[in-house]
file data_5.txt (compact mmCIF, C-alpha atoms (C1' of nucleotides) and all ligand atoms)
# COMPACT_ATOMS: atom_id res chain seq x y z
CA MET A 4 -45.17 4.94 -24.92
CA ALA A 5 -43.54 6.29 -21.85
CA GLU A 6 -44.34 5.12 -18.35
CA GLN A 7 -42.67 1.81 -18.73
CA HIS A 8 -40.72 2.30 -15.56
CA GLU A 9 -39.64 5.32 -13.57
CA LEU A 10 -35.99 4.35 -13.80
CA ARG A 11 -36.11 3.94 -17.56
CA ASP A 12 -37.85 7.27 -17.79
CA LYS A 13 -34.86 8.86 -16.12
CA GLY A 14 -32.62 7.32 -18.72
CA LEU A 15 -31.28 4.63 -16.42
CA ARG A 16 -31.00 0.95 -17.02
CA LEU A 17 -33.33 -1.11 -14.97
CA THR A 18 -31.31 -3.60 -12.98
CA PRO A 19 -32.57 -5.57 -10.01
CA GLN A 20 -29.89 -3.99 -7.82
CA ARG A 21 -30.88 -0.46 -8.76
CA GLU A 22 -34.54 -1.12 -8.30
CA LEU A 23 -33.93 -2.69 -4.90
CA VAL A 24 -31.72 0.16 -3.72
CA LEU A 25 -34.43 2.65 -4.58
CA ALA A 26 -37.09 0.54 -2.89
CA ALA A 27 -34.93 0.19 0.21
CA VAL A 28 -34.40 3.94 0.49
CA ARG A 29 -38.13 4.47 0.21
CA GLU A 30 -38.94 1.90 2.84
CA LEU A 31 -36.28 2.95 5.29
CA GLY A 32 -37.10 6.65 5.53
CA HIS A 33 -33.53 7.68 5.95
CA ALA A 34 -30.70 5.24 5.93
CA THR A 35 -26.95 5.00 5.55
CA PRO A 36 -25.47 3.17 2.56
CA GLU A 37 -24.69 0.28 4.89
CA GLU A 38 -28.28 0.08 6.07
CA VAL A 39 -29.54 0.21 2.50
CA ALA A 40 -27.21 -2.64 1.59
CA GLU A 41 -28.46 -4.71 4.49
CA LYS A 42 -32.05 -4.14 3.49
CA VAL A 43 -31.39 -5.06 -0.11
CA ARG A 44 -29.61 -8.23 0.91
CA ALA A 45 -32.90 -9.58 2.19
CA THR A 46 -33.94 -10.20 -1.41
CA HIS A 47 -30.62 -9.97 -3.21
CA PRO A 48 -27.95 -11.39 -0.87
CA GLY A 49 -25.07 -10.93 -3.27
CA ILE A 50 -25.24 -7.16 -3.68
CA ASN A 51 -21.94 -5.43 -3.22
CA LEU A 52 -21.57 -2.37 -1.06
CA SER A 53 -19.92 -0.41 -3.86
CA THR A 54 -22.93 -1.10 -6.04
CA VAL A 55 -25.07 0.47 -3.35
CA TYR A 56 -22.85 3.54 -3.17
CA ARG A 57 -22.84 3.87 -6.94
CA ASN A 58 -26.58 3.52 -7.25
CA LEU A 59 -27.27 5.99 -4.49
CA GLU A 60 -25.15 8.48 -6.36
CA THR A 61 -26.83 7.71 -9.65
CA LEU A 62 -30.31 7.93 -8.15
CA GLU A 63 -29.38 11.22 -6.57
CA ASN A 64 -28.16 12.58 -9.90
CA VAL A 65 -31.53 11.96 -11.50
CA GLY A 66 -33.36 13.36 -8.51
CA LEU A 67 -34.97 10.25 -7.12
CA VAL A 68 -33.13 10.29 -3.81
CA GLN A 69 -31.29 12.87 -1.74
CA HIS A 70 -28.79 12.75 1.04
CA ALA A 71 -28.62 14.61 4.33
CA HIS A 72 -26.16 14.80 7.22
CA LEU A 73 -27.74 13.88 10.49
CA GLY A 74 -24.76 13.22 12.67
CA HIS A 75 -21.01 13.53 12.91
CA GLY A 76 -20.52 10.63 10.56
CA GLY A 77 -21.58 9.84 7.04
CA ALA A 78 -24.62 10.86 5.04
CA THR A 79 -28.05 9.27 5.06
CA TYR A 80 -30.31 8.91 2.07
CA HIS A 81 -34.02 9.44 1.70
CA ALA A 82 -36.50 9.40 -1.17
CA ALA A 83 -36.81 12.74 -2.92
CA GLU A 84 -40.60 12.67 -2.92
CA GLU A 85 -40.64 12.39 0.83
CA LEU A 86 -41.74 15.70 2.24
CA THR A 87 -38.69 17.21 3.85
CA HIS A 88 -38.46 17.95 7.51
CA LEU A 89 -35.82 19.23 9.90
CA HIS A 90 -33.73 16.89 11.96
CA LEU A 91 -33.08 17.96 15.51
CA VAL A 92 -30.14 16.00 16.81
CA CYS A 93 -29.29 16.08 20.46
CA GLY A 94 -25.62 16.40 21.28
CA THR A 95 -26.06 14.70 24.61
CA CYS A 96 -28.32 11.71 24.13
CA GLY A 97 -27.94 11.43 20.36
CA SER A 98 -31.66 11.35 19.69
CA VAL A 99 -32.90 12.57 16.30
CA GLY A 100 -36.23 14.40 16.37
CA ASP A 101 -38.21 15.72 13.43
CA ALA A 102 -39.84 19.08 12.91
CA PRO A 103 -41.74 20.47 9.94
CA ILE A 104 -39.78 22.85 7.70
CA ASP A 105 -42.27 25.60 8.52
CA VAL A 106 -40.54 26.41 11.79
CA ALA A 107 -37.61 27.58 9.68
CA ALA A 108 -39.63 29.63 7.20
CA ASN A 109 -38.72 32.90 8.82
CA PHE A 110 -35.07 31.96 9.08
CA VAL A 111 -34.94 30.91 5.44
CA GLN A 112 -36.54 34.20 4.47
CA ASN A 113 -33.96 36.16 6.43
CA LEU A 114 -31.12 34.46 4.64
CA ALA A 115 -32.75 35.08 1.28
CA ASP A 116 -33.36 38.74 2.03
CA ASP A 117 -30.03 39.53 3.65
CA TYR A 118 -27.66 37.32 1.69
CA GLY A 119 -29.49 36.14 -1.40
CA PHE A 120 -28.88 32.65 -0.04
CA LYS A 121 -31.37 29.96 -1.03
CA THR A 122 -31.45 27.64 1.97
CA ASP A 123 -32.09 23.91 2.12
CA VAL A 124 -32.63 23.62 5.86
CA SER A 125 -32.86 19.87 5.91
CA HIS A 126 -29.54 19.01 4.30
CA PHE A 127 -27.65 19.38 7.55
CA ALA A 128 -29.19 18.53 10.86
CA ILE A 129 -29.96 21.15 13.48
CA TYR A 130 -27.82 20.51 16.52
CA GLY A 131 -28.51 21.21 20.14
CA LEU A 132 -30.08 19.77 23.27
CA CYS A 133 -33.38 17.94 23.23
CA ALA A 134 -36.08 18.80 25.72
CA ALA A 135 -35.23 15.80 27.87
CA CYS A 136 -31.53 16.66 28.06
CA VAL A 137 -32.05 20.36 28.70
CA LYS A 138 -33.22 19.49 32.19
CA MET B 29 -2.35 31.85 43.12
CA ALA B 30 -4.13 30.87 40.03
CA GLU B 31 -3.51 32.44 36.64
CA GLN B 32 -0.31 30.61 36.01
CA HIS B 33 -1.51 29.43 32.67
CA GLU B 34 -4.93 28.89 31.16
CA LEU B 35 -4.20 25.23 30.42
CA ARG B 36 -3.04 24.53 33.94
CA ASP B 37 -6.12 26.27 35.23
CA LYS B 38 -8.21 23.76 33.36
CA GLY B 39 -6.36 20.95 35.04
CA LEU B 40 -4.29 20.08 32.00
CA ARG B 41 -0.59 19.59 31.73
CA LEU B 42 1.20 22.24 29.83
CA THR B 43 3.08 20.63 27.00
CA PRO B 44 4.50 22.43 24.00
CA GLN B 45 2.32 20.36 21.69
CA ARG B 46 -0.86 21.22 23.53
CA GLU B 47 -0.04 24.86 23.74
CA LEU B 48 0.76 24.96 20.04
CA VAL B 49 -2.42 23.16 19.04
CA LEU B 50 -4.49 25.69 20.95
CA ALA B 51 -2.55 28.58 19.45
CA ALA B 52 -2.98 27.14 15.96
CA VAL B 53 -6.75 26.80 16.37
CA ARG B 54 -6.93 30.39 17.53
CA GLU B 55 -4.89 31.69 14.65
CA LEU B 56 -6.61 29.66 11.97
CA GLY B 57 -10.21 30.62 12.67
CA HIS B 58 -11.56 27.26 11.76
CA ALA B 59 -9.39 24.40 10.69
CA THR B 60 -9.36 20.67 10.24
CA PRO B 61 -7.08 18.52 12.40
CA GLU B 62 -4.79 18.17 9.41
CA GLU B 63 -4.56 21.93 8.97
CA VAL B 64 -3.88 22.39 12.66
CA ALA B 65 -1.08 19.84 12.46
CA GLU B 66 0.45 21.61 9.51
CA LYS B 67 0.37 24.93 11.32
CA VAL B 68 1.94 23.46 14.44
CA ARG B 69 4.70 21.86 12.41
CA ALA B 70 6.01 25.32 11.60
CA THR B 71 7.41 25.52 15.11
CA HIS B 72 7.31 21.89 16.19
CA PRO B 73 8.01 19.75 13.11
CA GLY B 74 7.81 16.43 14.89
CA ILE B 75 4.22 16.61 16.12
CA ASN B 76 2.20 13.55 15.36
CA LEU B 77 -1.27 13.75 13.87
CA SER B 78 -2.73 11.59 16.61
CA THR B 79 -1.39 14.03 19.17
CA VAL B 80 -3.30 16.76 17.38
CA TYR B 81 -6.51 14.72 17.40
CA ARG B 82 -6.07 13.90 21.05
CA ASN B 83 -5.39 17.47 22.04
CA LEU B 84 -8.29 18.83 20.08
CA GLU B 85 -10.52 16.41 21.93
CA THR B 86 -8.98 17.31 25.27
CA LEU B 87 -9.23 21.03 24.60
CA GLU B 88 -12.84 20.59 23.59
CA ASN B 89 -13.58 18.70 26.79
CA VAL B 90 -12.41 21.62 28.91
CA GLY B 91 -14.25 24.10 26.74
CA LEU B 92 -11.34 25.89 25.09
CA VAL B 93 -12.19 24.80 21.55
CA GLN B 94 -15.27 23.54 19.74
CA HIS B 95 -15.89 21.71 16.52
CA ALA B 96 -18.37 22.31 13.74
CA HIS B 97 -19.32 20.56 10.53
CA LEU B 98 -18.97 22.81 7.54
CA GLY B 99 -19.03 20.35 4.68
CA HIS B 100 -19.59 16.75 3.74
CA GLY B 101 -16.30 15.73 5.26
CA GLY B 102 -14.77 15.92 8.67
CA ALA B 103 -15.14 18.46 11.44
CA THR B 104 -13.33 21.76 11.82
CA TYR B 105 -12.22 23.30 15.07
CA HIS B 106 -12.38 26.84 16.31
CA ALA B 107 -11.59 28.65 19.54
CA ALA B 108 -14.47 28.68 21.98
CA GLU B 109 -14.14 32.37 22.75
CA GLU B 110 -14.58 33.21 19.10
CA LEU B 111 -18.01 34.72 18.65
CA THR B 112 -20.01 32.13 16.80
CA HIS B 113 -21.48 32.71 13.39
CA LEU B 114 -23.43 30.71 10.86
CA HIS B 115 -21.75 29.04 7.95
CA LEU B 116 -23.58 29.21 4.67
CA VAL B 117 -22.17 26.55 2.41
CA CYS B 118 -23.11 26.53 -1.25
CA GLY B 119 -23.86 23.14 -2.71
CA THR B 120 -22.87 24.23 -6.17
CA CYS B 121 -19.66 26.23 -5.91
CA GLY B 122 -18.64 25.05 -2.46
CA SER B 123 -18.14 28.53 -1.06
CA VAL B 124 -18.52 29.04 2.68
CA GLY B 125 -20.04 32.34 3.72
CA ASP B 126 -20.55 33.70 7.23
CA ALA B 127 -23.59 35.27 8.80
CA PRO B 128 -24.18 36.53 12.35
CA ILE B 129 -26.20 34.22 14.57
CA ASP B 130 -28.85 36.91 14.91
CA VAL B 131 -30.45 35.96 11.63
CA ALA B 132 -31.39 32.68 13.30
CA ALA B 133 -32.69 34.18 16.52
CA ASN B 134 -36.31 33.78 15.52
CA PHE B 135 -35.75 30.24 14.30
CA VAL B 136 -33.98 29.27 17.51
CA GLN B 137 -36.85 30.73 19.50
CA ASN B 138 -39.38 28.72 17.51
CA LEU B 139 -37.58 25.49 18.26
CA ALA B 140 -37.34 26.35 21.92
CA ASP B 141 -41.03 27.25 22.16
CA ASP B 142 -42.40 24.38 20.09
CA TYR B 143 -40.04 21.56 20.98
CA GLY B 144 -38.12 22.62 24.05
CA PHE B 145 -35.03 22.20 21.87
CA LYS B 146 -32.01 24.34 22.74
CA THR B 147 -30.35 24.99 19.39
CA ASP B 148 -26.71 25.53 18.56
CA VAL B 149 -27.16 26.85 15.04
CA SER B 150 -23.49 26.99 14.21
CA HIS B 151 -22.58 23.36 14.89
CA PHE B 152 -23.74 22.23 11.48
CA ALA B 153 -23.47 24.43 8.44
CA ILE B 154 -26.51 25.84 6.67
CA TYR B 155 -26.71 24.38 3.20
CA GLY B 156 -28.09 25.87 0.02
CA LEU B 157 -27.21 28.04 -2.94
CA CYS B 158 -25.14 31.19 -2.62
CA ALA B 159 -26.30 34.41 -4.26
CA ALA B 160 -23.88 33.93 -7.13
CA CYS B 161 -25.07 30.41 -7.89
CA VAL B 162 -28.76 31.19 -7.59
CA LYS B 163 -28.54 33.09 -10.85
C1' DA C 11 16.00 14.61 43.31
C1' DA C 12 12.47 10.94 42.60
C1' DG C 13 8.12 9.00 41.31
C1' DC C 14 4.03 8.75 38.90
C1' DA C 15 0.35 9.80 36.10
C1' DG C 16 -0.47 12.12 31.97
C1' DT C 17 1.28 12.68 27.31
C1' DT C 18 3.70 11.68 23.07
C1' DG C 19 5.29 9.22 18.84
C1' DC C 20 4.69 5.47 16.07
C1' DG C 21 2.73 1.80 13.81
C1' DA C 22 -1.23 -0.80 13.32
C1' DA C 23 -6.17 -1.24 13.37
C1' DT C 24 -10.80 0.52 12.06
C1' DA C 25 -14.09 2.53 9.41
C1' DT C 26 -15.77 4.66 5.38
C1' DT C 27 -15.83 5.70 0.61
C1' DT C 28 -13.69 5.41 -3.86
C1' DC C 29 -11.41 3.10 -7.85
C1' DG C 30 -9.69 -0.13 -11.53
C1' DC C 31 -10.88 -3.77 -14.12
C1' DA C 32 -12.65 -7.97 -16.01
C1' DA C 33 -17.05 -10.35 -16.30
C1' DC C 34 -21.80 -9.68 -17.06
C1' DT C 35 -26.25 -7.94 -18.98
C1' DA C 36 -30.08 -4.59 -20.31
C1' DG C 37 -31.82 -2.69 -24.17
C1' DC C 38 -31.24 -1.36 -29.02
C1' DG C 39 -30.90 -2.59 -33.85
C1' DT C 40 -31.34 -6.15 -37.10
C1' DA D 21 -34.90 -14.39 -31.72
C1' DC D 22 -29.73 -12.98 -31.88
C1' DG D 23 -25.90 -10.21 -31.18
C1' DC D 24 -23.55 -5.85 -30.13
C1' DT D 25 -22.28 -2.33 -27.24
C1' DA D 26 -22.35 0.60 -23.53
C1' DG D 27 -23.77 0.66 -18.89
C1' DT D 28 -23.49 -2.03 -14.66
C1' DT D 29 -21.82 -5.32 -11.29
C1' DG D 30 -18.69 -7.83 -8.11
C1' DC D 31 -14.40 -7.97 -6.20
C1' DG D 32 -10.15 -6.69 -4.41
C1' DA D 33 -7.26 -2.90 -3.68
C1' DA D 34 -6.51 1.91 -2.73
C1' DA D 35 -7.39 6.18 -0.62
C1' DT D 36 -9.16 8.74 3.53
C1' DA D 37 -10.08 9.76 8.05
C1' DT D 38 -9.92 8.66 12.75
C1' DT D 39 -8.84 5.71 16.64
C1' DC D 40 -5.98 2.56 19.47
C1' DG D 41 -2.22 -0.06 21.93
C1' DC D 42 1.94 0.45 23.87
C1' DA D 43 6.53 1.63 25.18
C1' DA D 44 9.22 5.76 25.90
C1' DC D 45 9.16 10.25 27.71
C1' DT D 46 8.15 14.34 30.66
C1' DG D 47 5.50 17.81 33.44
C1' DC D 48 4.22 18.34 37.96
C1' DT D 49 3.84 17.17 42.80
C1' DT D 50 6.12 15.95 46.88
MN MN E 201 -20.36 17.48 15.90
MN MN E 202 -24.18 16.87 1.60
ZN ZN E 203 -31.01 14.54 24.30
ZN ZN E 204 -22.26 29.04 -4.92
call {"tool": "encode", "arguments": {"input": "data_5.txt", "output": "structure tokens"}}
result
Amino acid sequence: MAEQHELRDKGLRLTPQRELVLAAVRELGHATPEEVAEKVRATHPGINLSTVYRNLETLENVGLVQHAHLGHGGATYHAAEELTHLHLVCGTCGSVGDAPIDVAANFVQNLADDYGFKTDVSHFAIYGLCAACVK
Amino acid sequence: MAEQHELRDKGLRLTPQRELVLAAVRELGHATPEEVAEKVRATHPGINLSTVYRNLETLENVGLVQHAHLGHGGATYHAAEELTHLHLVCGTCGSVGDAPIDVAANFVQNLADDYGFKTDVSHFAIYGLCAACVK
DNA sequence: AAGCAGTTGCGAATATTTCGCAACTAGCGT
DNA sequence: ACGCTAGTTGCGAAATATTCGCAACTGCTT
């Protein structure tokens, strides 16, 4: 008597909207609330944008999704189980590249040692110039 | 015949508003457009917020100021000549700590070597848990 | 002194996220 | 199965943050 549904297990009511928002986040990789809404509308045309915002927040509170900041604008959401990676955003062409968190291991260690700071390197993007734009 | 004024040297007109916006950014360390406006209003009460936005953009274009993203909200501006540092923002208590860019030297090198990515580590904040909140 | 392009103030337009509230409904108890 | 209640939704409005259009103004060049 437990694994009825992952949402119920987190103490949440199982509504079609909530289920679809979670599914959309998982399918999209990372997406803005607007993009999630658009995806959900494929199967549930009537969903309201505020419902998407509220569910993203709720899902984040129970640890099923997380948000990150990839650009100058709003946040994007991704499934929590997705293995995290760095986002390298180029200030010139706007491209967003990925890199495994390992490349930051040393950096993270430095911050822990010197400042007692426990870093989540993937919450904010890493900004700079991509290889193409450096030239 | 050159050093009339640093703004003129950049090809910009010297207006009281522009001069005051630049001065405010320099005095404030890092500040949001709203904070810059408030500071400027001490000497020039009538300045409009859009004038502040426009001047920050203009000043950034000529390299006198830069912006960074320290939190979930909007950007903050700082003088370009200010030696850059990392911003360690705590997701729990919201504190913003500073750290010299050196701690990221190795990380920056890794990204350059592995991805040809030229990193500006201080454009986005580094997110995590501060020493106090780790406990 | 005169002219013009750059700049400002102001109000409106966008864009994004949050809120209040009445209608609705998932899940519990009976 | 049926109903109750608290959680959830849709909707419109409000709150934020940033950008824009435009007419009036002004710094700078000639
Ligand atoms: Mn930026
Ligand atoms: Mn965040
Ligand atoms: Zn690029
Ligand atoms: Zn903290």
call {"tool": "closest_atom_pairs", "arguments": {"input": "data_5.txt", "of": "region 59-92 of chain B", "to": "region 28-46 of chain D", "cutoff": "12 Å", "atoms": "all atoms listed in the file", "output": "JSON lines"}}
result
{"residue": "B:Thr60", "atom": "CA", "partner": "D:DA37", "partner_atom": "C1'", "distance": 11.2}
{"residue": "B:Pro61", "atom": "CA", "partner": "D:DA37", "partner_atom": "C1'", "distance": 10.2}
{"residue": "B:Glu62", "atom": "CA", "partner": "D:DA37", "partner_atom": "C1'", "distance": 10.0}
{"residue": "B:Leu77", "atom": "CA", "partner": "D:DT38", "partner_atom": "C1'", "distance": 10.1}
{"residue": "B:Ser78", "atom": "CA", "partner": "D:DT39", "partner_atom": "C1'", "distance": 8.5}
{"residue": "B:Thr79", "atom": "CA", "partner": "D:DT39", "partner_atom": "C1'", "distance": 11.5}
{"residue": "B:Val80", "atom": "CA", "partner": "D:DT38", "partner_atom": "C1'", "distance": 11.4}
{"residue": "B:Tyr81", "atom": "CA", "partner": "D:DT38", "partner_atom": "C1'", "distance": 8.4}
{"residue": "B:Arg82", "atom": "CA", "partner": "D:DT39", "partner_atom": "C1'", "distance": 9.7}
call {"tool": "residues_near_ligand", "arguments": {"input": "data_5.txt", "ligand": "ligand MN 201 (chain E)", "cutoff": "7 Å", "atoms": "all atoms listed in the file", "output": "list in words"}}
result
Gly74 and His75 of chain A; His95, Ala96, His97, Ala103 and His151 of chain B
call {"tool": "atom_distance", "arguments": {"input": "data_5.txt", "atom1": "CA of Thr122 (chain A)", "atom2": "CA of Tyr155 (chain B)"}}
result
5.9 Å
call {"tool": "residues_near_ligand", "arguments": {"input": "data_5.txt", "ligand": "ligand ZN 204 (chain E)", "cutoff": "7 Å", "atoms": "only C-alpha atoms (C1' of nucleotides) and all ligand atoms", "output": "PyMOL selection string"}}
result
chain B and resi 118-123+157-161
call {"tool": "atom_distance", "arguments": {"input": "data_5.txt", "atom1": "CA of His81 (chain A)", "atom2": "CA of Val28 (chain A)"}}
result
5.6 Å
call {"tool": "interface_residues", "arguments": {"input": "data_5.txt", "of": "chain B", "to": "chain C", "cutoff": "10 Å", "atoms": "all atoms listed in the file", "output": "list in words"}}
result
Leu40, Arg41, Leu42, Thr43, Gln45, Arg46, Gly74, Ile75, Asn76, Leu77, Ser78, Thr79, Arg82 and Asn83 of chain B
